[in-house]
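A.B. asks: Mind looking over this structure? Questions follow.
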Amino acid sequence: MKRSMYCGKVTESSIGQEVTVCGWVHSRRDHGGVVFIDLRDREGILQIVFQSENASVFTIAESLRSEYVICVKGNVRKRPEGTNNLNMFTGNVELIVSQIEVLNTSAALPFEISDYVETSEELRLKYRYLDLRRTNFQKNFIMRHKLSNEVRNFLNEEGFLDIETPFLTKSTPEGARDFLVPSRLYHGSFFALPQSPQIFKQILMVSGFDKYYQLARCFRDEDLRADRQLEFTQIDIEMSFVQEEDVMSLVERMLERVCKSVLNIEIKTPFEKISYQDAMLRYGSDKPDTRFDMEIKDFAHELKNCNFSVFASAINKGGIVRGLCIPKGASFSRSEIDALAKFVGEYGAKGLAWMKVTSSGAESNIVKYFKEEEVKVTISKLNANVGDLIVFLADEEKIVVQGLGALRLKLGKELGLIDKSKFNFLWVIDFPLMEWNMEEQRWQALHHPFTSPKNPDSINKENVGLQKAKAYDVILNGVELGGGSIRIHKSNVQKKIFDILNISDEAANEKFGFLLDALSYGAPPHGGVALGFDRMCALFGGEESIREVIAFPKTQKTLDPLSNAPSQVSDKQLKELGLKVVVKQAKN
RNA sequence: GGGGACGUGGUGUAGCCUGGUUUAACACACUGCCCUGUCAAGGCAGAGACCGCGGGUUCAAAUCCCGUCGUCCCCGCCA
């Protein structure tokens, strides 16, 4: 028997036709004289019916079990009056089986393939092939395919060339930890897997390809999170003879197109723009979730003479005081407020000051240190209403910003302030070029060291702290979807940046000499962007974790329970590579 | 490197706080039987866990304590 259509595609238009479908036994309902089976393939589920009149197929039907693979032929008919299933796409029809072939049996399952029962992550990954049979996964990966296809279509139409860059490349000193691949012919030398195709795509611009893209796999040997894997995919784009607006406009048009064609959502362009400084002040984050308000306000000016010693001393030490208003938060119990204080403690805050807004002003154990005017100004600046809770952090800037930013997000989620149907795109711009690394006592690129300063000609070691970058991040619902910049295209400017970053001429030549050389041979002005494709798929699929849109992800401890990678290798393999010993064995 | 949550038949959970009628409960899955319109089908019967692992406290430990392993979330890290 040869399949004639997908289970999930059988609808009214097939009524009266004989079709052959193949799939997995999703569920079986044996009524004695009639057996119903929900047959599942990647496109959906179809109810097939076995009637006792057809004795030979009926006997087989009674022996079928979950996840058996079968092929059945039969007539499609309209379901009898009153037996339609409105929850199924194929719920108005059913297939009356005339022939069946059992293509394979299945052992009893280690867990239920059901959308109703959650199974532990470890077990799901060990039996990933079963987990991926869930309709939600089938849906996610079909969506992922559509998305990548639409991205490619769009970029192809815009005149971009898809060019591959190497996986075996050179280790770079700045940035994430590299995955190293030992060289067999040159013992002691290593390739590195790319953290991103950054340098290669810039060199492609020097070569005159003008517009490049790639759905590029990238590798970073850092600890994992819900939105981070060791390897991930990014939509990598680079263009010549462009400014910030050109790249941003391209990204907007691309996102507009894929939102329409994949999700059937109309989004507004151009996206709202917010400066880095503003984002950090108002949202305590460089990737603000603007689906809800609860903005943070600064009180350095209003409360600088406040009698509350914690605030005064924080300001005296060069720190800041900021606060936010939690709607209806006055009903929080003391222990709930303590929990909030503990939460901001994770970001280094030593405490959380608070006041409940009442009809006569405010109350809490710190209100007595405030002048009436200070309370009034605070309430009005935060637009607080009676019944709200105002919380403050006073400390060094980084702690206050991060603590309140994280608190705002946590409360936004927990208090249900977030409208999940919203797709809020946003540009964060005007990033500082560099930030001071306290531990290593040196400047460090905020983006990457190839990012062009706004004023490349006047930059020097003294003013670098005030320099802004020609960089932009695109944010969706509080997730950094991607970022990019206009690059440095002149080798003297690039050398100057390396110098400020404390990378010696010698080191710069050793690590990036090939880029510096390339820039000296007529590099065009260029810039680009990279979008996290896995994150995009997760957001589009309504998933919290990118593991739900990656077929074979690793656990948080970087293991693959399916294949048991990483694993030890033979002495012979090691010897060929000029390596010895394995110190720590992965425990699977 | 650090903090937190979790770990009980095949799966998901309850029991743990307050140790003893626990012979560890419930649902799903599984096995057998019944049933001609179900769709997370239903009914009857059955098999299946000494409670992640190790140690300690106690007359007595799934339950309390210590350690350890694993999974997830977060901080650090991720230019």
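In the structure tokens, each chain is lettered A, B, ... as it comes, each chain's residues begin at 1, and ligands are numbered from 1 in order of appearance.
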Taking only C-alpha atoms (C1' of nucleotides) into account, report as a PyMOL selection string which residues of chain B lie within 6 Å of chain A.

C.D. replies: chain B and resi 10-11+35-36+79

A.B. asks: List as a VMD selection string the protein and nucleic acid residues near A62 in chain B, meaning an atom at most 8 Å away when only C-alpha atoms (C1' of nucleotides) are counted, but skip any in the same chain fewer than 2 places from it.

C.D. replies: chain B and resid 8 16 24 51

A.B. asks: Quote the spacing between CA of Ala314 in chain A and CA of Gly329 in chain A in Å to one decimal place.

C.D. replies: 25.3 Å

A.B. asks: Please identify the strand (DSSP E) residues within range 214-275 of chain A (assignment by DSSP from backbone atoms) and present them as a list of chain:residue names.

C.D. replies: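 Filtering range 214-275 of chain A to strand (DSSP E) leaves A:Gln214, A:Leu215, A:Ala216, A:Arg217, A:Cys218, A:Phe219, A:Glu231, A:Phe232, A:Thr233, A:Gln234, A:Ile235, A:Asp236, A:Ile237, A:Glu238, A:Met239, A:Ser240, A:Glu272, A:Lys273, A:Ile274, A:Ser275.
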
A.B. asks: Would you please extract all helix (DSSP H, G or I) residues from range 104-324 of chain A, as assigned by DSSP on the backbone, and give them as an MDAnalysis selection string?

C.D. replies: chainID A and resid 121:126 128:131 135:157 198:206 244:263 276:283 309:316

A.B. asks: Find the residues around C53 in chain B up to 12 Å (only C-alpha atoms (C1' of nucleotides) counted), leave out those fewer than 3 positions away in its own chain, and share them as a list in words.

C.D. replies: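 Result of the neighbour search: G7, G67, U68, C69 and G70 of chain B.
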
A.B. asks: Produce a file of the selected residues containing N, CA and C atoms (P, O5', C5', C4', C3', O3' and C1' of nucleotides), as a PDB file, in the first residue's frame.

C.D. replies:
ATOM      1  P     G B   7      10.441  16.105  45.524  1.00  0.00           P
ATOM      2  O5'   G B   7      11.297  15.124  44.618  1.00  0.00           O
ATOM      3  C5'   G B   7      10.845  14.765  43.316  1.00  0.00           C
ATOM      4  C4'   G B   7      11.849  13.844  42.649  1.00  0.00           C
ATOM      5  C3'   G B   7      12.046  12.506  43.358  1.00  0.00           C
ATOM      6  O3'   G B   7      12.244  11.476  42.396  1.00  0.00           O
ATOM      7  C1'   G B   7      14.111  13.627  43.212  1.00  0.00           C
ATOM      8  P     G B  67      26.101  18.976  54.542  1.00  0.00           P
ATOM      9  O5'   G B  67      26.678  17.749  53.706  1.00  0.00           O
ATOM     10  C5'   G B  67      28.033  17.351  53.880  1.00  0.00           C
ATOM     11  C4'   G B  67      28.267  16.008  53.230  1.00  0.00           C
ATOM     12  C3'   G B  67      28.097  15.952  51.725  1.00  0.00           C
ATOM     13  O3'   G B  67      29.218  16.464  51.027  1.00  0.00           O
ATOM     14  C1'   G B  67      27.058  14.071  52.703  1.00  0.00           C
ATOM     15  P     U B  68      29.011  17.172  49.589  1.00  0.00           P
ATOM     16  O5'   U B  68      28.628  15.946  48.655  1.00  0.00           O
ATOM     17  C5'   U B  68      29.568  14.903  48.395  1.00  0.00           C
ATOM     18  C4'   U B  68      28.891  13.769  47.658  1.00  0.00           C
ATOM     19  C3'   U B  68      28.232  14.164  46.339  1.00  0.00           C
ATOM     20  O3'   U B  68      29.167  14.211  45.273  1.00  0.00           O
ATOM     21  C1'   U B  68      26.734  12.853  47.606  1.00  0.00           C
ATOM     22  P     C B  69      28.931  15.232  44.082  1.00  0.00           P
ATOM     23  O5'   C B  69      27.865  14.464  43.185  1.00  0.00           O
ATOM     24  C5'   C B  69      28.200  13.219  42.598  1.00  0.00           C
ATOM     25  C4'   C B  69      26.960  12.568  42.030  1.00  0.00           C
ATOM     26  C3'   C B  69      26.146  13.428  41.080  1.00  0.00           C
ATOM     27  O3'   C B  69      26.691  13.455  39.780  1.00  0.00           O
ATOM     28  C1'   C B  69      24.697  12.391  42.610  1.00  0.00           C
ATOM     29  P     G B  70      26.437  14.761  38.868  1.00  0.00           P
ATOM     30  O5'   G B  70      24.903  14.632  38.485  1.00  0.00           O
ATOM     31  C5'   G B  70      24.467  13.562  37.667  1.00  0.00           C
ATOM     32  C4'   G B  70      22.966  13.551  37.599  1.00  0.00           C
ATOM     33  C3'   G B  70      22.323  14.838  37.105  1.00  0.00           C
ATOM     34  O3'   G B  70      22.373  14.935  35.700  1.00  0.00           O
ATOM     35  C1'   G B  70      21.169  14.062  39.011  1.00  0.00           C
TER      36        G B  70
END
